[in-house]
>>> print(open('start15.pdb').read())   # PDB, C-alpha atoms
ATOM      1  CA  MET A   1      -1.859  28.453  67.500
ATOM      2  CA  TRP A   2       1.272  29.781  65.818
ATOM      3  CA  ILE A   3      -0.470  31.010  62.647
ATOM      4  CA  ARG A   4      -2.648  33.318  64.741
ATOM      5  CA  GLN A   5       0.425  34.794  66.424
ATOM      6  CA  ILE A   6       2.117  35.349  63.051
ATOM      7  CA  HIS A   7      -1.039  37.059  61.807
ATOM      8  CA  ARG A   8      -1.021  39.409  64.794
ATOM      9  CA  TRP A   9       2.622  40.376  64.314
ATOM     10  CA  LEU A  10       2.076  40.918  60.596
ATOM     11  CA  SER A  11      -0.834  43.228  61.355
ATOM     12  CA  ILE A  12       1.411  45.283  63.645
ATOM     13  CA  ALA A  13       4.077  45.499  60.920
ATOM     14  CA  PHE A  14       1.447  46.511  58.359
ATOM     15  CA  THR A  15       0.078  49.215  60.668
ATOM     16  CA  LEU A  16       3.568  50.634  61.226
ATOM     17  CA  ALA A  17       4.235  50.645  57.477
ATOM     18  CA  VAL A  18       0.983  52.523  56.817
ATOM     19  CA  ILE A  19       1.842  55.071  59.527
ATOM     20  CA  ALA A  20       5.298  55.538  57.962
ATOM     21  CA  ASN A  21       3.623  56.073  54.587
ATOM     22  CA  ILE A  22       1.279  58.705  56.034
ATOM     23  CA  VAL A  23       4.167  60.498  57.728
ATOM     24  CA  ALA A  24       6.157  60.475  54.480
ATOM     25  CA  MET A  25       3.193  61.899  52.567
ATOM     26  CA  THR A  26       2.668  64.705  55.100
ATOM     27  CA  MET A  27       6.370  65.565  54.898
ATOM     28  CA  GLN A  28       6.020  65.495  51.090
ATOM     29  CA  LEU A  29       8.871  63.045  50.637
ATOM     30  CA  ASP A  30       9.142  61.493  47.207
ATOM     31  CA  ALA A  31      10.111  58.003  48.321
ATOM     32  CA  ALA A  32       8.096  55.422  46.424
ATOM     33  CA  TRP A  33       9.680  52.562  48.394
ATOM     34  CA  ILE A  34       7.820  53.714  51.522
ATOM     35  CA  GLY A  35       4.549  53.166  49.696
ATOM     36  CA  PHE A  36       5.587  49.662  48.686
ATOM     37  CA  LEU A  37       6.793  48.968  52.211
ATOM     38  CA  ALA A  38       3.204  48.273  53.278
ATOM     39  CA  LEU A  39       2.894  45.519  50.668
ATOM     40  CA  VAL A  40       5.598  43.398  52.299
ATOM     41  CA  PRO A  41       3.521  42.391  55.355
ATOM     42  CA  LEU A  42       0.219  42.757  53.517
ATOM     43  CA  ILE A  43       0.659  39.738  51.246
ATOM     44  CA  PRO A  44       1.384  37.194  54.030
ATOM     45  CA  LEU A  45      -1.248  38.949  56.148
ATOM     46  CA  LEU A  46      -3.788  38.177  53.428
ATOM     47  CA  ALA A  47      -2.713  34.533  53.295
ATOM     48  CA  THR A  48      -2.874  34.006  57.059
ATOM     49  CA  GLY A  49      -6.156  35.894  57.275
ATOM     50  CA  LEU A  50      -7.773  33.743  54.613
ATOM     51  CA  TYR A  51      -6.526  30.619  56.379
ATOM     52  CA  LEU A  52      -7.911  31.775  59.728
ATOM     53  CA  PHE A  53     -11.196  32.702  58.047
ATOM     54  CA  ALA A  54     -11.568  29.280  56.436
ATOM     55  CA  LEU A  55     -10.452  27.318  59.510
ATOM     56  CA  PRO A  56     -13.896  27.023  61.179
ATOM     57  CA  TYR A  57     -15.495  25.918  57.915
ATOM     58  CA  LEU A  58     -12.825  23.310  57.281
ATOM     59  CA  GLY A  59     -13.169  21.976  60.815
ATOM     60  CA  ARG A  60     -16.937  21.765  60.545
ATOM     61  CA  ARG A  61     -16.700  19.863  57.263
ATOM     62  CA  SER A  62     -14.294  17.225  58.626
ATOM     63  CA  GLY A  63     -16.483  16.787  61.729
ATOM     64  CA  ALA A  64     -19.547  16.141  59.565
ATOM     65  CA  HIS A  65     -17.717  13.447  57.596
ATOM     66  CA  SER A  66     -16.554  11.637  60.723
ATOM     67  CA  GLU A  67     -20.106  11.610  62.170
ATOM     68  CA  ALA A  68     -21.549  10.233  58.919
ATOM     69  CA  ARG A  69     -19.040   7.363  58.891
ATOM     70  CA  SER A  70     -19.834   6.235  62.442
TER      71      SER A  70
END
>>> encode(input="start15.pdb", output="C-alpha cells")
Amino acid sequence: MWIRQIHRWLSIAFTLAVIANIVAMTMQLDAAWIGFLALVPLIPLLATGLYLFALPYLGRRSGAHSEARS
C-alpha cells in the first residue's frame, strides 16, 4: 500500500530532522529554523499515522454492514 510506504519515508525524514536538531543544540547554534525543520515531516506523518491506525476499524465496520445486508 502506497500510504504505508509514504509513512515510512516520512518517519525517516522526521528522524533525520530530530538528529539535526540535537546536533545543532550540542554545537550551540542559534538556528531556529532547524527546530522547525522537524515539523515539516511531522504533520503529514501524523495524518498518515492516523489513517493507518483507523484503517482496521474502518474495514471491520464495512465488513459488518455487508454481512448484515446478505
>>> closest_residue(input="start15.pdb", among="A:Trp9, A:Trp2, A:Phe14, A:Trp33", to="Leu52 of chain A", atoms="all atoms listed in the file")
A:Trp2
>>> atom_distance(input="start15.pdb", atom1="atom CA of His7 of chain A", atom2="atom CA of Val23 of chain A")
24.4 Å
>>> closest_residue(input="start15.pdb", among="A:Ala54, A:Ile6, A:Ala17, A:Met25", to="Val40 of chain A", atoms="all atoms listed in the file")
A:Ala17
>>> atom_distance(input="start15.pdb", atom1="atom CA of Thr26 of chain A", atom2="atom CA of Ser11 of chain A")
22.6 Å
>>> residues_around(input="start15.pdb", residues="Ala20 of chain A", least_positions_apart="3", cutoff="9 Å", atoms="all atoms listed in the file", output="NGL selection string")
:A and (15-17 or 23-25 or 34-35 or 37-38)
